[in-house]
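Text of input35.cif, listed as mmCIF, C-alpha atoms, pLDDT in the B column; chains and numbers go by the auth columns:
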data_run
#
loop_
_atom_site.group_PDB
_atom_site.id
_atom_site.type_symbol
_atom_site.label_atom_id
_atom_site.label_comp_id
_atom_site.label_asym_id
_atom_site.label_seq_id
_atom_site.Cartn_x
_atom_site.Cartn_y
_atom_site.Cartn_z
_atom_site.B_iso_or_equiv
_atom_site.auth_seq_id
_atom_site.auth_asym_id
ATOM 1 C CA MET A 1 108.991 82.995 120.510 70.00 1 M
ATOM 2 C CA ARG A 2 106.833 82.059 117.570 78.00 2 M
ATOM 3 C CA PRO A 3 103.641 84.050 116.923 74.00 3 M
ATOM 4 C CA SER A 4 100.365 82.191 117.198 86.00 4 M
ATOM 5 C CA ARG A 5 98.355 81.385 114.104 87.00 5 M
ATOM 6 C CA GLU A 6 95.943 84.237 114.872 85.00 6 M
ATOM 7 C CA ASP A 7 98.800 86.739 115.232 87.00 7 M
ATOM 8 C CA ALA A 8 100.388 85.508 111.997 90.00 8 M
ATOM 9 C CA LEU A 9 97.078 86.012 110.200 92.00 9 M
ATOM 10 C CA LEU A 10 96.831 89.503 111.688 90.00 10 M
ATOM 11 C CA ILE A 11 100.344 90.421 110.539 91.00 11 M
ATOM 12 C CA VAL A 12 99.733 89.150 107.005 93.00 12 M
ATOM 13 C CA SER A 13 96.333 90.819 106.669 93.00 13 M
ATOM 14 C CA ALA A 14 97.633 94.141 108.011 93.00 14 M
ATOM 15 C CA ALA A 15 100.543 94.040 105.563 94.00 15 M
ATOM 16 C CA VAL A 16 98.387 93.083 102.572 96.00 16 M
ATOM 17 C CA LEU A 17 95.744 95.723 103.273 95.00 17 M
ATOM 18 C CA GLY A 18 98.390 98.376 103.931 95.00 18 M
ATOM 19 C CA LEU A 19 100.209 97.573 100.713 96.00 19 M
ATOM 20 C CA GLY A 20 96.915 97.516 98.816 96.00 20 M
ATOM 21 C CA GLY A 21 95.995 100.965 100.092 96.00 21 M
ATOM 22 C CA ALA A 22 99.394 102.375 99.200 96.00 22 M
ATOM 23 C CA ALA A 23 99.309 100.783 95.747 96.00 23 M
ATOM 24 C CA ALA A 24 95.795 102.083 95.083 97.00 24 M
ATOM 25 C CA PHE A 25 96.874 105.633 95.944 96.00 25 M
ATOM 26 C CA ALA A 26 100.011 105.355 93.797 95.00 26 M
ATOM 27 C CA ALA A 27 97.986 103.970 90.875 95.00 27 M
ATOM 28 C CA TYR A 28 95.495 106.824 91.164 95.00 28 M
ATOM 29 C CA ARG A 29 98.300 109.386 91.115 94.00 29 M
ATOM 30 C CA ALA A 30 100.001 107.683 88.152 92.00 30 M
ATOM 31 C CA VAL A 31 96.786 107.516 86.123 92.00 31 M
ATOM 32 C CA SER A 32 95.901 111.125 86.842 91.00 32 M
ATOM 33 C CA ALA A 33 99.385 112.394 85.925 86.00 33 M
ATOM 34 C CA SER A 34 99.496 114.825 83.031 85.00 34 M
ATOM 35 C CA GLU A 35 102.430 113.083 81.306 79.00 35 M
ATOM 36 C CA ARG A 36 101.486 110.736 78.489 80.00 36 M
ATOM 37 C CA ALA A 37 104.677 108.631 78.443 90.00 37 M
ATOM 38 C CA ALA A 38 104.498 105.243 80.153 89.00 38 M
ATOM 39 C CA GLY A 39 107.911 105.709 81.720 91.00 39 M
ATOM 40 C CA ALA A 40 106.858 108.941 83.376 91.00 40 M
ATOM 41 C CA ARG A 41 103.729 107.306 84.742 92.00 41 M
ATOM 42 C CA ALA A 42 105.738 104.344 86.032 92.00 42 M
ATOM 43 C CA GLY A 43 108.097 106.761 87.755 93.00 43 M
ATOM 44 C CA GLU A 44 105.138 108.611 89.255 93.00 44 M
ATOM 45 C CA PHE A 45 103.733 105.306 90.531 94.00 45 M
ATOM 46 C CA ALA A 46 107.053 104.295 92.078 94.00 46 M
ATOM 47 C CA SER A 47 107.655 107.631 93.754 95.00 47 M
ATOM 48 C CA ASN A 48 104.118 107.732 95.194 94.00 48 M
ATOM 49 C CA LEU A 49 104.403 104.146 96.348 93.00 49 M
ATOM 50 C CA PHE A 50 107.617 105.047 98.148 93.00 50 M
ATOM 51 C CA TRP A 51 106.905 108.316 99.944 92.00 51 M
ATOM 52 C CA PRO A 52 103.254 108.751 100.766 92.00 52 M
ATOM 53 C CA GLY A 53 102.878 104.996 100.361 94.00 53 M
ATOM 54 C CA VAL A 54 104.982 104.372 103.455 95.00 54 M
ATOM 55 C CA LEU A 55 102.677 106.576 105.518 96.00 55 M
ATOM 56 C CA ILE A 56 99.547 105.033 104.016 95.00 56 M
ATOM 57 C CA PHE A 57 100.919 101.537 104.654 96.00 57 M
ATOM 58 C CA ALA A 58 101.697 102.365 108.281 96.00 58 M
ATOM 59 C CA ALA A 59 98.313 104.011 108.891 96.00 59 M
ATOM 60 C CA VAL A 60 96.259 101.202 107.365 95.00 60 M
ATOM 61 C CA ALA A 61 98.322 98.505 109.083 93.00 61 M
ATOM 62 C CA ALA A 62 97.948 100.287 112.435 93.00 62 M
ATOM 63 C CA VAL A 63 94.173 100.603 112.034 93.00 63 M
ATOM 64 C CA VAL A 64 93.896 96.913 111.134 90.00 64 M
ATOM 65 C CA TRP A 65 96.126 95.928 114.070 88.00 65 M
ATOM 66 C CA PHE A 66 94.299 98.015 116.674 91.00 66 M
ATOM 67 C CA GLY A 67 90.882 97.092 115.303 87.00 67 M
ATOM 68 C CA TRP A 68 91.744 93.395 115.482 85.00 68 M
ATOM 69 C CA LYS A 69 93.167 93.640 118.989 85.00 69 M
ATOM 70 C CA ALA A 70 90.163 95.660 120.180 88.00 70 M
ATOM 71 C CA GLU A 71 87.869 92.989 118.661 79.00 71 M
ATOM 72 C CA LEU A 72 85.619 95.566 116.995 61.00 72 M
ATOM 73 C CA ASP A 73 82.721 94.159 115.026 61.00 73 M
#
Written as C-alpha cells, that's how I'd like the structure from this file.
Amino acid sequence: MRPSREDALLIVSAAVLGLGGAAAFAAYRAVSASERAAGARAGEFASNLFWPGVLIFAAVAAVVWFGWKAELD
C-alpha cells in the first residue's frame, strides 16, 4: 500500500522538523562546550545528536504527526 501524497508530506515534514530540533540542540551543546578544540566540539555535537537527539527527534515528530492528524489550527 502506497501512502497518499498528504501522508507522504506529513512523514517528510515530521522527519525534517524532528531532525532540525535534534540538530539545533546538538549545535547548542557543541557551541557551549568548554573545550576549545574543533574535534572535541564535533564529538560533542555527534554524541548529542545521537543520544538526546533520538528522543528529541521522536518527540517533535510525534507532536507534528498528532497535530496534523488532529487538524489543529
Q) So what does the PyMOL selection byres ((chain M and resi 56) around 12) actually pick up in this one, as a list in words? A) Ala14, Ala15, Leu17, Gly18, Leu19, Gly20, Gly21, Ala22, Ala23, Ala24, Phe25, Ala26, Asn48, Leu49, Phe50, Trp51, Pro52, Gly53, Val54, Leu55, Phe57, Ala58, Ala59, Val60, Ala61, Ala62 and Val63 of chain M
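Interatomic distance, CA of Ala46 (chain M) to CA of Tyr28 (chain M): 11.9 Å.
Taking CA of Lys69 (chain M) as the reference point, CA of Arg2 (chain M) is found at 18.0 Å.
The spacing separating CA of Ala27 (chain M) from CA of Trp65 (chain M) amounts to 24.6 Å.
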(Q) Show me, as a ChimeraX atom specification, the residues that have an atom within 9 Å of region 31-35 of chain M when counting all atoms listed in the file, minus same-chain residues fewer than 6 positions from it. (A) /M:41,44-45
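The residue that comes closest to Ser13 (chain M), out of M:Ala37, M:Ala30, M:Met1, M:Val64 and on the basis of only C-alpha atoms, is M:Val64.
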